[in-house]
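Engineer: So I've got this file, work.pdb, and it contains PDB, C-alpha atoms:
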ATOM      1  CA  MET A   1     -40.374  -8.464  37.180
ATOM      2  CA  LYS A   2     -36.990  -9.952  36.466
ATOM      3  CA  ILE A   3     -33.435  -9.301  37.557
ATOM      4  CA  GLU A   4     -31.862  -7.165  34.807
ATOM      5  CA  HIS A   5     -28.281  -8.069  35.665
ATOM      6  CA  ILE A   6     -25.954  -8.879  38.539
ATOM      7  CA  GLY A   7     -22.775  -6.869  39.072
ATOM      8  CA  LEU A   8     -19.497  -8.405  40.200
ATOM      9  CA  TRP A   9     -16.368  -6.453  41.137
ATOM     10  CA  THR A  10     -13.249  -8.145  39.833
ATOM     11  CA  ALA A  11      -9.504  -7.694  40.137
ATOM     12  CA  ASP A  12      -8.719  -9.079  36.648
ATOM     13  CA  LEU A  13     -11.439  -8.052  34.226
ATOM     14  CA  GLU A  14     -10.036  -9.808  31.156
ATOM     15  CA  LYS A  15      -9.375 -13.110  32.937
ATOM     16  CA  MET A  16     -12.899 -13.157  34.354
ATOM     17  CA  LYS A  17     -14.387 -12.362  30.927
ATOM     18  CA  GLU A  18     -12.491 -15.270  29.371
ATOM     19  CA  PHE A  19     -13.590 -17.635  32.174
ATOM     20  CA  TYR A  20     -17.324 -16.970  31.798
ATOM     21  CA  CYS A  21     -17.180 -16.899  27.991
ATOM     22  CA  ASP A  22     -15.056 -20.041  27.678
ATOM     23  CA  PHE A  23     -16.742 -22.265  30.259
ATOM     24  CA  PHE A  24     -20.328 -20.934  30.396
ATOM     25  CA  LYS A  25     -20.781 -19.736  26.793
ATOM     26  CA  ALA A  26     -21.423 -16.134  27.785
ATOM     27  CA  THR A  27     -21.111 -13.491  25.085
ATOM     28  CA  ALA A  28     -19.250 -10.329  26.040
ATOM     29  CA  GLY A  29     -20.449  -6.935  24.940
ATOM     30  CA  GLU A  30     -18.029  -4.139  24.184
ATOM     31  CA  LYS A  31     -15.736  -3.046  26.981
ATOM     32  CA  TYR A  32     -16.830   0.166  28.700
ATOM     33  CA  HIS A  33     -14.069   2.376  30.109
ATOM     34  CA  ASN A  34     -14.696   5.646  31.930
ATOM     35  CA  GLN A  35     -11.357   7.436  31.636
ATOM     36  CA  LYS A  36     -12.126   9.895  34.448
ATOM     37  CA  SER A  37     -12.981   7.368  37.162
ATOM     38  CA  GLY A  38     -11.026   4.407  35.790
ATOM     39  CA  PHE A  39     -14.180   2.260  35.885
ATOM     40  CA  GLN A  40     -14.193  -0.586  33.333
ATOM     41  CA  SER A  41     -16.821  -3.223  32.687
ATOM     42  CA  TYR A  42     -18.230  -5.848  30.359
ATOM     43  CA  PHE A  43     -21.793  -7.080  30.211
ATOM     44  CA  LEU A  44     -21.792 -10.844  29.721
ATOM     45  CA  SER A  45     -24.979 -12.285  28.222
ATOM     46  CA  PHE A  46     -26.030 -15.904  28.672
ATOM     47  CA  THR A  47     -28.184 -17.911  26.270
ATOM     48  CA  ASP A  48     -31.318 -17.533  28.425
ATOM     49  CA  GLY A  49     -31.027 -13.730  28.484
ATOM     50  CA  ALA A  50     -29.464 -13.435  31.953
ATOM     51  CA  ARG A  51     -26.627 -10.916  32.202
ATOM     52  CA  LEU A  52     -23.626 -10.531  34.471
ATOM     53  CA  GLU A  53     -21.758  -7.225  34.629
ATOM     54  CA  ILE A  54     -18.132  -7.736  35.554
ATOM     55  CA  MET A  55     -16.543  -4.513  36.791
ATOM     56  CA  HIS A  56     -13.122  -3.202  37.722
ATOM     57  CA  ARG A  57     -11.869  -0.026  39.320
ATOM     58  CA  GLU A  58      -8.448   0.311  40.968
ATOM     59  CA  ASP A  59      -9.752   2.019  44.107
ATOM     60  CA  VAL A  60     -12.139  -0.816  44.942
ATOM     61  CA  ILE A  61     -10.320  -2.730  47.644
ATOM     62  CA  LYS A  62     -10.526  -6.498  47.495
ATOM     63  CA  GLY A  63     -12.024  -7.966  50.673
ATOM     64  CA  ALA A  64     -10.436 -10.644  52.852
ATOM     65  CA  GLN A  65     -10.252 -14.081  51.220
ATOM     66  CA  THR A  66     -12.531 -16.221  53.338
ATOM     67  CA  ASN A  67     -14.658 -19.189  52.417
ATOM     68  CA  GLU A  68     -17.906 -17.271  53.016
ATOM     69  CA  ILE A  69     -18.671 -13.553  53.051
ATOM     70  CA  LEU A  70     -21.757 -11.411  53.696
ATOM     71  CA  GLY A  71     -23.735 -10.543  50.577
ATOM     72  CA  PHE A  72     -24.122 -12.760  47.554
ATOM     73  CA  ALA A  73     -22.936 -16.254  48.444
ATOM     74  CA  HIS A  74     -22.767 -17.823  44.980
ATOM     75  CA  LEU A  75     -23.845 -17.666  41.364
ATOM     76  CA  ALA A  76     -25.833 -20.706  40.205
ATOM     77  CA  ILE A  77     -25.689 -21.535  36.509
ATOM     78  CA  SER A  78     -28.097 -24.173  35.208
ATOM     79  CA  VAL A  79     -26.513 -26.185  32.405
ATOM     80  CA  GLY A  80     -29.343 -28.484  31.298
ATOM     81  CA  SER A  81     -28.470 -32.013  32.397
ATOM     82  CA  LYS A  82     -26.683 -34.114  35.014
ATOM     83  CA  GLU A  83     -24.210 -35.233  32.347
ATOM     84  CA  ILE A  84     -23.300 -31.638  31.522
ATOM     85  CA  VAL A  85     -22.846 -30.836  35.235
ATOM     86  CA  ASP A  86     -20.456 -33.791  35.499
ATOM     87  CA  ALA A  87     -18.549 -32.992  32.285
ATOM     88  CA  LEU A  88     -18.210 -29.266  32.935
ATOM     89  CA  THR A  89     -17.119 -29.879  36.523
ATOM     90  CA  GLU A  90     -14.422 -32.277  35.308
ATOM     91  CA  LYS A  91     -13.324 -29.811  32.615
ATOM     92  CA  LEU A  92     -12.989 -26.977  35.154
ATOM     93  CA  VAL A  93     -11.099 -29.111  37.676
ATOM     94  CA  ASP A  94      -8.777 -30.338  34.903
ATOM     95  CA  ALA A  95      -8.166 -26.692  33.998
ATOM     96  CA  GLY A  96      -7.030 -26.043  37.576
ATOM     97  CA  TYR A  97     -10.090 -24.401  39.118
ATOM     98  CA  PRO A  98     -10.809 -25.460  42.711
ATOM     99  CA  LEU A  99     -13.576 -27.964  43.364
ATOM    100  CA  LEU A 100     -15.320 -26.624  46.472
ATOM    101  CA  SER A 101     -18.100 -29.234  46.537
ATOM    102  CA  PRO A 102     -18.265 -32.376  44.383
ATOM    103  CA  CYS A 103     -21.269 -33.346  42.248
ATOM    104  CA  ARG A 104     -24.171 -34.334  44.463
ATOM    105  CA  VAL A 105     -27.921 -34.019  44.993
ATOM    106  CA  THR A 106     -28.668 -31.342  47.569
ATOM    107  CA  GLY A 107     -31.390 -31.502  50.182
ATOM    108  CA  ASP A 108     -33.464 -28.990  48.231
ATOM    109  CA  GLY A 109     -33.410 -31.066  45.043
ATOM    110  CA  TYR A 110     -30.563 -29.682  42.949
ATOM    111  CA  TYR A 111     -27.864 -31.764  41.308
ATOM    112  CA  GLU A 112     -24.779 -29.599  41.484
ATOM    113  CA  SER A 113     -21.111 -29.068  42.026
ATOM    114  CA  VAL A 114     -19.430 -25.911  43.284
ATOM    115  CA  ILE A 115     -16.216 -24.553  41.815
ATOM    116  CA  GLY A 116     -14.229 -21.404  42.424
ATOM    117  CA  ASP A 117     -13.869 -18.959  39.549
ATOM    118  CA  PRO A 118     -10.487 -17.261  38.904
ATOM    119  CA  GLU A 119     -11.038 -14.910  41.869
ATOM    120  CA  GLY A 120     -12.579 -17.400  44.288
ATOM    121  CA  ASN A 121     -16.262 -16.617  43.746
ATOM    122  CA  ARG A 122     -18.421 -19.683  44.291
ATOM    123  CA  ILE A 123     -20.095 -20.946  41.104
ATOM    124  CA  GLU A 124     -22.759 -23.655  41.394
ATOM    125  CA  ILE A 125     -23.002 -25.715  38.226
ATOM    126  CA  THR A 126     -26.502 -27.092  38.529
ATOM    127  CA  ILE A 127     -29.777 -28.535  37.346
ATOM    128  CA  TYR A 128     -32.985 -28.901  39.325
ATOM    129  CA  ASN A 129     -34.007 -32.554  39.695
TER     130      ASN A 129
END
In structure tokens, write the structure found in this file.
Structural biologist:
Amino acid sequence: MKIEHIGLWTADLEKMKEFYCDFFKATAGEKYHNQKSGFQSYFLSFTDGARLEIMHREDVIKGAQTNEILGFAHLAISVGSKEIVDALTEKLVDAGYPLLSPCRVTGDGYYESVIGDPEGNRIEITIYN
């Protein structure tokens, strides 16, 4: 078995699409828009076949902005090397995205940093040592 895709509600669909395509080399499929419900989404495909569905609907109320919430805690994206973790982290911070945890080796053996995406979701930029 494998996870087919992960869905993520978003307030700004286009901004989130640009973020994942620009910084993580995702490829966006065609935009889906259900006129009746107002639901809109893109499937974003990554080079390893993983997919993220970013979704928007006006009646979905954004939850309270806290550092941690119940449910999915983060999205970890493996980038291939320590040097790429460092470079991509620097590029994101220079672009104004918040650094939530600097580059480090974790107790469970990952080399990673954690940044916030445009809507505050925690993204681990990582490799497994």
Engineer: Might you pull out every residue within 10 Å of range 1-17 of chain A, with only C-alpha atoms counted and same-chain residues fewer than 5 positions away left off, and present them as number ranges by chain?
Structural biologist: A: 22, 26-28, 31, 40-45, 49-58, 60-62, 72, 75, 117-119, 121
Engineer: Using all atoms listed in the file, pick whichever of A:Val85, A:Val114, A:Ala95, A:Ile123 has the shortest atom-to-atom distance to Tyr20 in chain A.
Structural biologist: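 Once distances to Tyr20 in chain A are computed over all atoms listed in the file, the minimum belongs to A:Ile123.
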Engineer: I'd like to see the residues matched by the PyMOL selection byres ((chain A and resi 101-104) around 12) on this file, and ideally I'd get them as a ChimeraX atom specification.
Structural biologist: /A:82-90,92-93,97-100,105-116,122-129
Engineer: Interatomic distance between CA of His33 in chain A and CA of Phe46 in chain A?
Structural biologist: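 Going from CA of His33 in chain A over to CA of Phe46 in chain A, I get 21.9 Å.
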Engineer: Give me, please, the distance in Å between CA of Gly120 in chain A and CA of Cys21 in chain A, quoted to one decimal.
Structural biologist: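 That distance, rounded to one decimal, is 16.9 Å.
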